[in-house]
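Here's the structure we're looking at; comments come further down.
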Amino acid sequence: MNKNPQQMPDDSRLDQAMQWALEDARQAAALSEVPVGAVLVAPDGELMGRAHNEIETRSDPTAHAERLVLSACCVRLGAPRVPPGCLLAVTLEPCAMCAGAIVLARVDHLIFGAADPKTGACGSLRDVVRDPRLNHRVTLHEPRFGEACGQMLTEFFRARRGKGKPHG
């Protein structure tokens with residue numbers, strides 16, 4: 001269960017985290033990756049890590065931005081979980097795999113930009129991060145920058161379909 005509900009990130013911290021995540025999503029798009037970016041922010045506002053999708057680059061279907069940033073931070077810290085009070089900001093609602101990783105890493109706060117009605121596991125299709133049957137629940141914050149995040153994804157897939165590449 002989330003042990004730090006009182007340490008709620010303020011609006012400026014949420015906005016800054018989403019801006020950083022958007023920067024990483026743009027980097028993913030420049031590499032022909034689905035434009036999803038994620039950042040992990042400490043309770044004091046320090047940027048602990050950042051990543052973007054690298055599925056094509058690594059030829060790895062699990063190389064989602066959320067999983068990459070959590071793994072990198074945990075390896076750097078030498079711990080299987082992130083420190084209490086951390087915020088994960090991601091431009092697209094996490095899928096079931098990433099939502100599971102978020103719970104296992106004990107992330108306390110999550111914010112995302114665009115909802116994902118096809119695979120979203122943080123309220124859209126499923127709600128893994130707030131499932132009362134699990135031993136940890138994440139505080140989910142109201143989406144921010146949803147229009148910008150969604151538009152980036154729409155433009156990316158529109159351009160891909162225009163080049164005759166399959167989408168997905």
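Chains: A, B, ... in order of the structure tokens. Residues: from 1 per chain. Ligands: from 1, in order shown.
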
Might you pull out every residue within 7 Å of Ala96 of chain A, with only C-alpha atoms counted and same-chain residues fewer than 5 positions away left off, and present them as a ChimeraX atom specification? /A:120-121,128

Could the residues in this selection be written to a file with C-alpha atoms, as a short mmCIF file (atom, residue, chain, number, x, y, z; two decimals), in the first residue's frame?
data_model
loop_
_atom_site.label_atom_id
_atom_site.label_comp_id
_atom_site.auth_asym_id
_atom_site.auth_seq_id
_atom_site.Cartn_x
_atom_site.Cartn_y
_atom_site.Cartn_z
CA GLY A 120 -3.94 1.42 -20.84
CA ALA A 121 -3.68 -0.30 -17.47
CA VAL A 128 -3.37 -2.32 -12.18
#

If we count only C-alpha atoms, what is near segment 20-22 of chain A at a cut-off of 8 Å, once residues fewer than 2 positions away on the same chain are taken out, given as a count of residues only? 15

List the spatial neighbours of segment 57-60 of chain A as a PyMOL selection string - criterion: any atom at most 10 Å away, only C-alpha atoms, same-chain residues fewer than 4 positions off excluded. chain A and resi 28+31-33+53+64

From the options A:Asp44, A:Glu155, A:Asp10, A:Asp15, which residue's atoms come nearest to Gly113 of chain A, counting only C-alpha atoms?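 Selected residue with least distance to Gly113 of chain A: A:Asp15.
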
Suppose you want the space between atom CA of Pro117 of chain A and atom CA of Leu87 of chain A; what is it in Å?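 Value for the atom CA of Pro117 of chain A-atom CA of Leu87 of chain A distance: 22.7 Å.
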
Interatomic distance (Å, one decimal) between atom CA of Cys95 of chain A and atom CA of Leu40 of chain A: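 For atom CA of Cys95 of chain A relative to atom CA of Leu40 of chain A, the distance reads 17.1 Å.
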
Near Ala79 of chain A, counting only C-alpha atoms, which residues have an atom at most 12 Å away, once you skip same-chain residues fewer than 5 positions from it, shown as a short mmCIF file (atom, residue, chain, number, x, y, z; two decimals) with N, CA, C and O atoms, in the first residue's frame?
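As written to disk, result07.cif reads:
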data_model
loop_
_atom_site.label_atom_id
_atom_site.label_comp_id
_atom_site.auth_asym_id
_atom_site.auth_seq_id
_atom_site.Cartn_x
_atom_site.Cartn_y
_atom_site.Cartn_z
N LEU A 70 12.72 2.94 -14.86
CA LEU A 70 12.69 2.28 -13.55
C LEU A 70 13.88 1.35 -13.38
O LEU A 70 14.54 1.35 -12.34
N SER A 71 14.17 0.56 -14.40
CA SER A 71 15.31 -0.36 -14.34
C SER A 71 16.62 0.39 -14.15
O SER A 71 17.44 0.02 -13.30
N ALA A 72 16.81 1.43 -14.93
CA ALA A 72 18.06 2.19 -14.83
C ALA A 72 18.23 2.82 -13.45
O ALA A 72 19.33 2.78 -12.88
N CYS A 73 17.17 3.38 -12.92
CA CYS A 73 17.26 4.01 -11.59
C CYS A 73 17.53 2.97 -10.51
O CYS A 73 18.37 3.20 -9.62
N CYS A 74 16.86 1.85 -10.57
CA CYS A 74 17.08 0.80 -9.56
C CYS A 74 18.49 0.25 -9.63
O CYS A 74 19.14 0.03 -8.59
N LEU A 104 5.63 -2.98 -8.74
CA LEU A 104 6.75 -3.73 -8.17
C LEU A 104 7.89 -2.82 -7.71
O LEU A 104 8.57 -3.10 -6.73
N ALA A 105 8.10 -1.70 -8.42
CA ALA A 105 9.14 -0.74 -8.05
C ALA A 105 8.71 0.16 -6.90
O ALA A 105 9.50 0.92 -6.38
N ARG A 106 7.46 0.05 -6.51
CA ARG A 106 6.88 0.83 -5.40
C ARG A 106 6.88 2.33 -5.67
O ARG A 106 7.13 3.15 -4.79
#

Quick one: residues within 8 Å of Val138 of chain A, only C-alpha atoms, excluding same-chain residues fewer than 2 positions away - as a list in words? Met1, Asn2, Val103, Arg106, Val107, Asp108, His109, Leu110, Val129, Arg130, His136 and Leu140 of chain A

Kindly save the residues from that selection, with C-alpha atoms included, as a PDB file, in the first residue's frame.
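Done, and the output landed in part_10.pdb:
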ATOM      1  CA  MET A   1       0.000   0.000   0.000  1.00  0.00           C
ATOM      2  CA  ASN A   2       1.197   3.548  -0.714  1.00  0.00           C
ATOM      3  CA  VAL A 103       3.755  -1.419  -8.662  1.00  0.00           C
ATOM      4  CA  ARG A 106       6.876   0.834  -5.402  1.00  0.00           C
ATOM      5  CA  VAL A 107       6.424   4.117  -7.258  1.00  0.00           C
ATOM      6  CA  ASP A 108       4.240   6.328  -5.048  1.00  0.00           C
ATOM      7  CA  HIS A 109       3.015   8.876  -7.614  1.00  0.00           C
ATOM      8  CA  LEU A 110       2.132   8.517 -11.302  1.00  0.00           C
ATOM      9  CA  VAL A 129      -1.777   0.533 -10.227  1.00  0.00           C
ATOM     10  CA  ARG A 130      -4.792   0.969  -7.946  1.00  0.00           C
ATOM     11  CA  HIS A 136       1.089  -1.446  -3.166  1.00  0.00           C
ATOM     12  CA  LEU A 140      -2.615   8.509  -9.769  1.00  0.00           C
TER      13      LEU A 140
END

Apply DSSP to the structure's backbone, then extract all residues of segment 73-128 of chain A labelled alpha helix (DSSP H) and return them as a PyMOL selection string. chain A and resi 73-77+96-104

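Between atom CA of Glu46 of chain A and atom CA of Gln19 of chain A lies a distance of 13.9 Å.
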
Pick from A:Val75, A:Cys86, A:Ala30, A:Ala63, whichever lies nearest to Arg13 of chain A using only C-alpha atoms: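 Distance minimum relative to Arg13 of chain A lands on A:Cys86.
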
Taking the DSSP secondary structure from the backbone, can you list the residues of chain A that are strand (DSSP E or B), as a list in words?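 Secondary structure check on chain A, strand (DSSP E or B): Gly37, Ala38, Val39, Leu40, Val41, Leu47, Met48, Gly49, Arg50, Ala51, His52, Leu87, Leu88, Ala89, Val90, Thr91, Leu92, His109, Leu110, Ile111, Phe112, Gly113, Ala114, Cys122, Asp127, Thr139 and Leu140 of chain A.
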
For the selection just defined, write its residues with N, CA and C atoms to a file, as a PDB file, in the first residue's frame.
ATOM      1  N   GLY A  37       7.787   9.102 -23.638  1.00  0.00           N
ATOM      2  CA  GLY A  37       8.888   9.445 -22.752  1.00  0.00           C
ATOM      3  C   GLY A  37       8.463   9.295 -21.313  1.00  0.00           C
ATOM      4  N   ALA A  38       9.429   9.008 -20.452  1.00  0.00           N
ATOM      5  CA  ALA A  38       9.144   8.842 -19.025  1.00  0.00           C
ATOM      6  C   ALA A  38      10.301   9.396 -18.210  1.00  0.00           C
ATOM      7  N   VAL A  39       9.962   9.989 -17.067  1.00  0.00           N
ATOM      8  CA  VAL A  39      10.971  10.482 -16.134  1.00  0.00           C
ATOM      9  C   VAL A  39      10.586  10.069 -14.721  1.00  0.00           C
ATOM     10  N   LEU A  40      11.596   9.864 -13.893  1.00  0.00           N
ATOM     11  CA  LEU A  40      11.395   9.585 -12.477  1.00  0.00           C
ATOM     12  C   LEU A  40      11.955  10.766 -11.708  1.00  0.00           C
ATOM     13  N   VAL A  41      11.122  11.328 -10.825  1.00  0.00           N
ATOM     14  CA  VAL A  41      11.489  12.527 -10.084  1.00  0.00           C
ATOM     15  C   VAL A  41      11.420  12.238  -8.582  1.00  0.00           C
ATOM     16  N   LEU A  47      15.611  15.296 -10.790  1.00  0.00           N
ATOM     17  CA  LEU A  47      15.396  14.334 -11.865  1.00  0.00           C
ATOM     18  C   LEU A  47      16.312  13.143 -11.617  1.00  0.00           C
ATOM     19  N   MET A  48      15.715  11.983 -11.354  1.00  0.00           N
ATOM     20  CA  MET A  48      16.490  10.778 -11.037  1.00  0.00           C
ATOM     21  C   MET A  48      16.831   9.969 -12.280  1.00  0.00           C
ATOM     22  N   GLY A  49      16.008  10.093 -13.314  1.00  0.00           N
ATOM     23  CA  GLY A  49      16.261   9.346 -14.532  1.00  0.00           C
ATOM     24  C   GLY A  49      15.238   9.670 -15.589  1.00  0.00           C
ATOM     25  N   ARG A  50      15.603   9.374 -16.814  1.00  0.00           N
ATOM     26  CA  ARG A  50      14.710   9.634 -17.944  1.00  0.00           C
ATOM     27  C   ARG A  50      14.960   8.601 -19.023  1.00  0.00           C
ATOM     28  N   ALA A  51      13.923   8.338 -19.818  1.00  0.00           N
ATOM     29  CA  ALA A  51      14.048   7.360 -20.895  1.00  0.00           C
ATOM     30  C   ALA A  51      12.938   7.600 -21.906  1.00  0.00           C
ATOM     31  N   HIS A  52      13.113   6.999 -23.063  1.00  0.00           N
ATOM     32  CA  HIS A  52      12.064   6.997 -24.078  1.00  0.00           C
ATOM     33  C   HIS A  52      11.981   5.594 -24.638  1.00  0.00           C
ATOM     34  N   LEU A  87       7.935  10.282  -8.079  1.00  0.00           N
ATOM     35  CA  LEU A  87       6.909  10.529  -9.090  1.00  0.00           C
ATOM     36  C   LEU A  87       7.408   9.999 -10.429  1.00  0.00           C
ATOM     37  N   LEU A  88       6.583   9.208 -11.092  1.00  0.00           N
ATOM     38  CA  LEU A  88       6.869   8.780 -12.457  1.00  0.00           C
ATOM     39  C   LEU A  88       5.926   9.546 -13.369  1.00  0.00           C
ATOM     40  N   ALA A  89       6.489  10.234 -14.342  1.00  0.00           N
ATOM     41  CA  ALA A  89       5.689  10.958 -15.336  1.00  0.00           C
ATOM     42  C   ALA A  89       5.938  10.310 -16.680  1.00  0.00           C
ATOM     43  N   VAL A  90       4.872  10.016 -17.403  1.00  0.00           N
ATOM     44  CA  VAL A  90       4.978   9.351 -18.700  1.00  0.00           C
ATOM     45  C   VAL A  90       3.957   9.973 -19.651  1.00  0.00           C
ATOM     46  N   THR A  91       4.300  10.059 -20.912  1.00  0.00           N
ATOM     47  CA  THR A  91       3.439  10.759 -21.869  1.00  0.00           C
ATOM     48  C   THR A  91       2.229   9.955 -22.309  1.00  0.00           C
ATOM     49  N   LEU A  92       2.259   8.637 -22.139  1.00  0.00           N
ATOM     50  CA  LEU A  92       1.143   7.776 -22.521  1.00  0.00           C
ATOM     51  C   LEU A  92       0.817   6.860 -21.352  1.00  0.00           C
ATOM     52  N   HIS A 109       3.835   7.934  -6.848  1.00  0.00           N
ATOM     53  CA  HIS A 109       3.015   8.876  -7.614  1.00  0.00           C
ATOM     54  C   HIS A 109       3.213   8.658  -9.107  1.00  0.00           C
ATOM     55  N   LEU A 110       2.106   8.697  -9.851  1.00  0.00           N
ATOM     56  CA  LEU A 110       2.132   8.517 -11.302  1.00  0.00           C
ATOM     57  C   LEU A 110       1.270   9.579 -11.954  1.00  0.00           C
ATOM     58  N   ILE A 111       1.815  10.141 -13.029  1.00  0.00           N
ATOM     59  CA  ILE A 111       1.034  11.050 -13.870  1.00  0.00           C
ATOM     60  C   ILE A 111       1.343  10.682 -15.313  1.00  0.00           C
ATOM     61  N   PHE A 112       0.312  10.723 -16.146  1.00  0.00           N
ATOM     62  CA  PHE A 112       0.544  10.490 -17.568  1.00  0.00           C
ATOM     63  C   PHE A 112      -0.200  11.544 -18.362  1.00  0.00           C
ATOM     64  N   GLY A 113       0.180  11.659 -19.635  1.00  0.00           N
ATOM     65  CA  GLY A 113      -0.425  12.659 -20.502  1.00  0.00           C
ATOM     66  C   GLY A 113      -1.669  12.142 -21.192  1.00  0.00           C
ATOM     67  N   ALA A 114      -1.503  11.263 -22.165  1.00  0.00           N
ATOM     68  CA  ALA A 114      -2.618  10.763 -22.970  1.00  0.00           C
ATOM     69  C   ALA A 114      -3.101   9.413 -22.447  1.00  0.00           C
ATOM     70  N   CYS A 122      -3.926   1.839 -16.367  1.00  0.00           N
ATOM     71  CA  CYS A 122      -3.949   2.752 -15.223  1.00  0.00           C
ATOM     72  C   CYS A 122      -5.269   3.519 -15.214  1.00  0.00           C
ATOM     73  N   ASP A 127      -6.931  -1.294 -14.345  1.00  0.00           N
ATOM     74  CA  ASP A 127      -6.393  -0.355 -13.359  1.00  0.00           C
ATOM     75  C   ASP A 127      -5.467  -1.101 -12.403  1.00  0.00           C
ATOM     76  N   THR A 139      -0.578   6.449  -6.194  1.00  0.00           N
ATOM     77  CA  THR A 139      -1.442   7.628  -6.279  1.00  0.00           C
ATOM     78  C   THR A 139      -1.382   8.126  -7.714  1.00  0.00           C
ATOM     79  N   LEU A 140      -2.521   8.087  -8.370  1.00  0.00           N
ATOM     80  CA  LEU A 140      -2.615   8.509  -9.769  1.00  0.00           C
ATOM     81  C   LEU A 140      -3.103   9.949  -9.811  1.00  0.00           C
TER      82      LEU A 140
END

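Minimum distance to Pro94 of chain A across A:Arg81, A:Arg137, A:Arg67, A:Arg76 (counting only C-alpha atoms) occurs at A:Arg67.
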
Need to verify the contact set: Thr154 of chain A, 12 Å, only C-alpha atoms, exclusion of same-chain residues closer than 2 positions in sequence. Can you return it as a VMD selection string? chain A and resid 29 34 to 36 92 114 146 to 152 156 to 161 167 to 168

Writing out the chosen residues with all heavy atoms as a short mmCIF file (atom, residue, chain, number, x, y, z; two decimals), in the first residue's frame:
data_model
loop_
_atom_site.label_atom_id
_atom_site.label_comp_id
_atom_site.auth_asym_id
_atom_site.auth_seq_id
_atom_site.Cartn_x
_atom_site.Cartn_y
_atom_site.Cartn_z
N ALA A 29 10.59 9.96 -31.09
CA ALA A 29 10.04 10.18 -32.43
C ALA A 29 11.16 10.43 -33.44
O ALA A 29 11.10 9.93 -34.57
CB ALA A 29 9.05 11.33 -32.42
N VAL A 34 8.02 4.86 -31.25
CA VAL A 34 6.75 5.43 -30.81
C VAL A 34 7.08 6.49 -29.75
O VAL A 34 7.82 6.21 -28.80
CB VAL A 34 5.82 4.35 -30.24
CG1 VAL A 34 4.55 4.97 -29.67
CG2 VAL A 34 5.46 3.34 -31.33
N PRO A 35 6.58 7.72 -29.92
CA PRO A 35 6.98 8.82 -29.05
C PRO A 35 6.39 8.77 -27.65
O PRO A 35 5.38 9.41 -27.34
CB PRO A 35 6.51 10.06 -29.81
CG PRO A 35 5.35 9.58 -30.61
CD PRO A 35 5.67 8.17 -30.97
N VAL A 36 7.03 7.98 -26.81
CA VAL A 36 6.67 7.90 -25.40
C VAL A 36 7.92 8.18 -24.59
O VAL A 36 8.97 7.59 -24.84
CB VAL A 36 6.09 6.51 -25.03
CG1 VAL A 36 5.78 6.44 -23.53
CG2 VAL A 36 4.84 6.22 -25.84
N LEU A 92 2.26 8.64 -22.14
CA LEU A 92 1.14 7.78 -22.52
C LEU A 92 0.82 6.86 -21.35
O LEU A 92 1.73 6.34 -20.70
CB LEU A 92 1.50 6.94 -23.75
CG LEU A 92 0.45 5.97 -24.28
CD1 LEU A 92 -0.79 6.72 -24.78
CD2 LEU A 92 1.03 5.09 -25.38
N ALA A 114 -1.50 11.26 -22.16
CA ALA A 114 -2.62 10.76 -22.97
C ALA A 114 -3.10 9.41 -22.45
O ALA A 114 -2.29 8.54 -22.13
CB ALA A 114 -2.18 10.63 -24.43
N GLY A 146 -2.27 16.30 -21.91
CA GLY A 146 -2.87 15.22 -22.68
C GLY A 146 -3.01 15.54 -24.16
O GLY A 146 -2.77 14.67 -25.01
N GLU A 147 -3.37 16.76 -24.46
CA GLU A 147 -3.54 17.13 -25.86
C GLU A 147 -2.21 17.10 -26.60
O GLU A 147 -2.11 16.55 -27.70
CB GLU A 147 -4.17 18.53 -25.97
CG GLU A 147 -4.55 18.89 -27.39
CD GLU A 147 -5.33 20.20 -27.45
OE1 GLU A 147 -6.18 20.45 -26.58
OE2 GLU A 147 -5.06 20.96 -28.40
N ALA A 148 -1.17 17.65 -26.00
CA ALA A 148 0.16 17.66 -26.64
C ALA A 148 0.69 16.24 -26.80
O ALA A 148 1.23 15.88 -27.85
CB ALA A 148 1.14 18.49 -25.82
N CYS A 149 0.53 15.41 -25.77
CA CYS A 149 1.00 14.02 -25.84
C CYS A 149 0.23 13.24 -26.90
O CYS A 149 0.82 12.51 -27.70
CB CYS A 149 0.85 13.35 -24.48
SG CYS A 149 1.88 14.06 -23.18
N GLY A 150 -1.09 13.39 -26.90
CA GLY A 150 -1.92 12.69 -27.87
C GLY A 150 -1.65 13.13 -29.29
O GLY A 150 -1.60 12.31 -30.21
N GLN A 151 -1.46 14.43 -29.49
CA GLN A 151 -1.18 14.95 -30.83
C GLN A 151 0.15 14.41 -31.37
O GLN A 151 0.26 14.06 -32.54
CB GLN A 151 -1.17 16.47 -30.83
CG GLN A 151 -1.00 17.06 -32.22
CD GLN A 151 -1.22 18.56 -32.23
OE1 GLN A 151 -1.59 19.17 -31.23
NE2 GLN A 151 -1.00 19.17 -33.37
N MET A 152 1.16 14.32 -30.50
CA MET A 152 2.44 13.78 -30.92
C MET A 152 2.29 12.33 -31.40
O MET A 152 2.84 11.95 -32.43
CB MET A 152 3.44 13.85 -29.75
CG MET A 152 4.85 13.50 -30.15
SD MET A 152 6.04 13.55 -28.77
CE MET A 152 5.76 15.16 -28.09
N PHE A 156 2.69 10.96 -35.29
CA PHE A 156 3.66 9.91 -35.53
C PHE A 156 3.03 8.76 -36.33
O PHE A 156 3.57 8.33 -37.34
CB PHE A 156 4.22 9.38 -34.20
CG PHE A 156 5.13 8.21 -34.35
CD1 PHE A 156 6.47 8.40 -34.68
CD2 PHE A 156 4.67 6.92 -34.16
CE1 PHE A 156 7.32 7.31 -34.83
CE2 PHE A 156 5.52 5.82 -34.30
CZ PHE A 156 6.85 6.03 -34.64
N PHE A 157 1.87 8.29 -35.87
CA PHE A 157 1.23 7.16 -36.55
C PHE A 157 0.67 7.56 -37.92
O PHE A 157 0.70 6.76 -38.85
CB PHE A 157 0.17 6.52 -35.66
CG PHE A 157 0.77 5.70 -34.56
CD1 PHE A 157 0.63 6.08 -33.24
CD2 PHE A 157 1.52 4.57 -34.85
CE1 PHE A 157 1.21 5.33 -32.23
CE2 PHE A 157 2.10 3.81 -33.84
CZ PHE A 157 1.94 4.19 -32.53
N ARG A 158 0.22 8.80 -38.05
CA ARG A 158 -0.25 9.28 -39.36
C ARG A 158 0.90 9.27 -40.36
O ARG A 158 0.77 8.81 -41.49
CB ARG A 158 -0.84 10.67 -39.23
CG ARG A 158 -1.43 11.21 -40.54
CD ARG A 158 -2.06 12.58 -40.36
NE ARG A 158 -3.21 12.47 -39.48
CZ ARG A 158 -3.49 13.33 -38.49
NH1 ARG A 158 -2.72 14.38 -38.28
NH2 ARG A 158 -4.56 13.16 -37.73
N ALA A 159 2.07 9.74 -39.94
CA ALA A 159 3.24 9.76 -40.81
C ALA A 159 3.69 8.33 -41.15
O ALA A 159 4.07 8.05 -42.28
CB ALA A 159 4.38 10.53 -40.16
N ARG A 160 3.64 7.44 -40.19
CA ARG A 160 4.03 6.04 -40.43
C ARG A 160 3.10 5.37 -41.43
O ARG A 160 3.56 4.67 -42.32
CB ARG A 160 3.98 5.25 -39.12
CG ARG A 160 5.34 4.99 -38.55
CD ARG A 160 5.22 4.21 -37.29
NE ARG A 160 5.42 2.80 -37.57
CZ ARG A 160 5.87 1.95 -36.69
NH1 ARG A 160 6.17 2.35 -35.47
NH2 ARG A 160 6.03 0.68 -37.01
N ARG A 161 1.82 5.57 -41.26
CA ARG A 161 0.85 4.98 -42.20
C ARG A 161 1.02 5.57 -43.60
O ARG A 161 0.87 4.88 -44.58
CB ARG A 161 -0.58 5.16 -41.68
CG ARG A 161 -0.91 4.18 -40.58
CD ARG A 161 -2.37 4.20 -40.24
NE ARG A 161 -2.79 5.45 -39.65
CZ ARG A 161 -2.76 5.74 -38.35
NH1 ARG A 161 -2.29 4.86 -37.49
NH2 ARG A 161 -3.18 6.89 -37.90
N HIS A 167 1.12 0.02 -38.54
CA HIS A 167 1.09 0.76 -37.28
C HIS A 167 1.03 -0.22 -36.12
O HIS A 167 0.65 -1.35 -36.26
CB HIS A 167 -0.07 1.76 -37.25
CG HIS A 167 -1.42 1.12 -37.23
ND1 HIS A 167 -1.96 0.54 -38.36
CD2 HIS A 167 -2.31 0.93 -36.24
CE1 HIS A 167 -3.15 0.06 -38.06
NE2 HIS A 167 -3.39 0.27 -36.78
N GLY A 168 1.37 0.29 -34.93
CA GLY A 168 1.33 -0.54 -33.73
C GLY A 168 2.51 -0.38 -32.87
O GLY A 168 3.45 0.21 -33.04
#
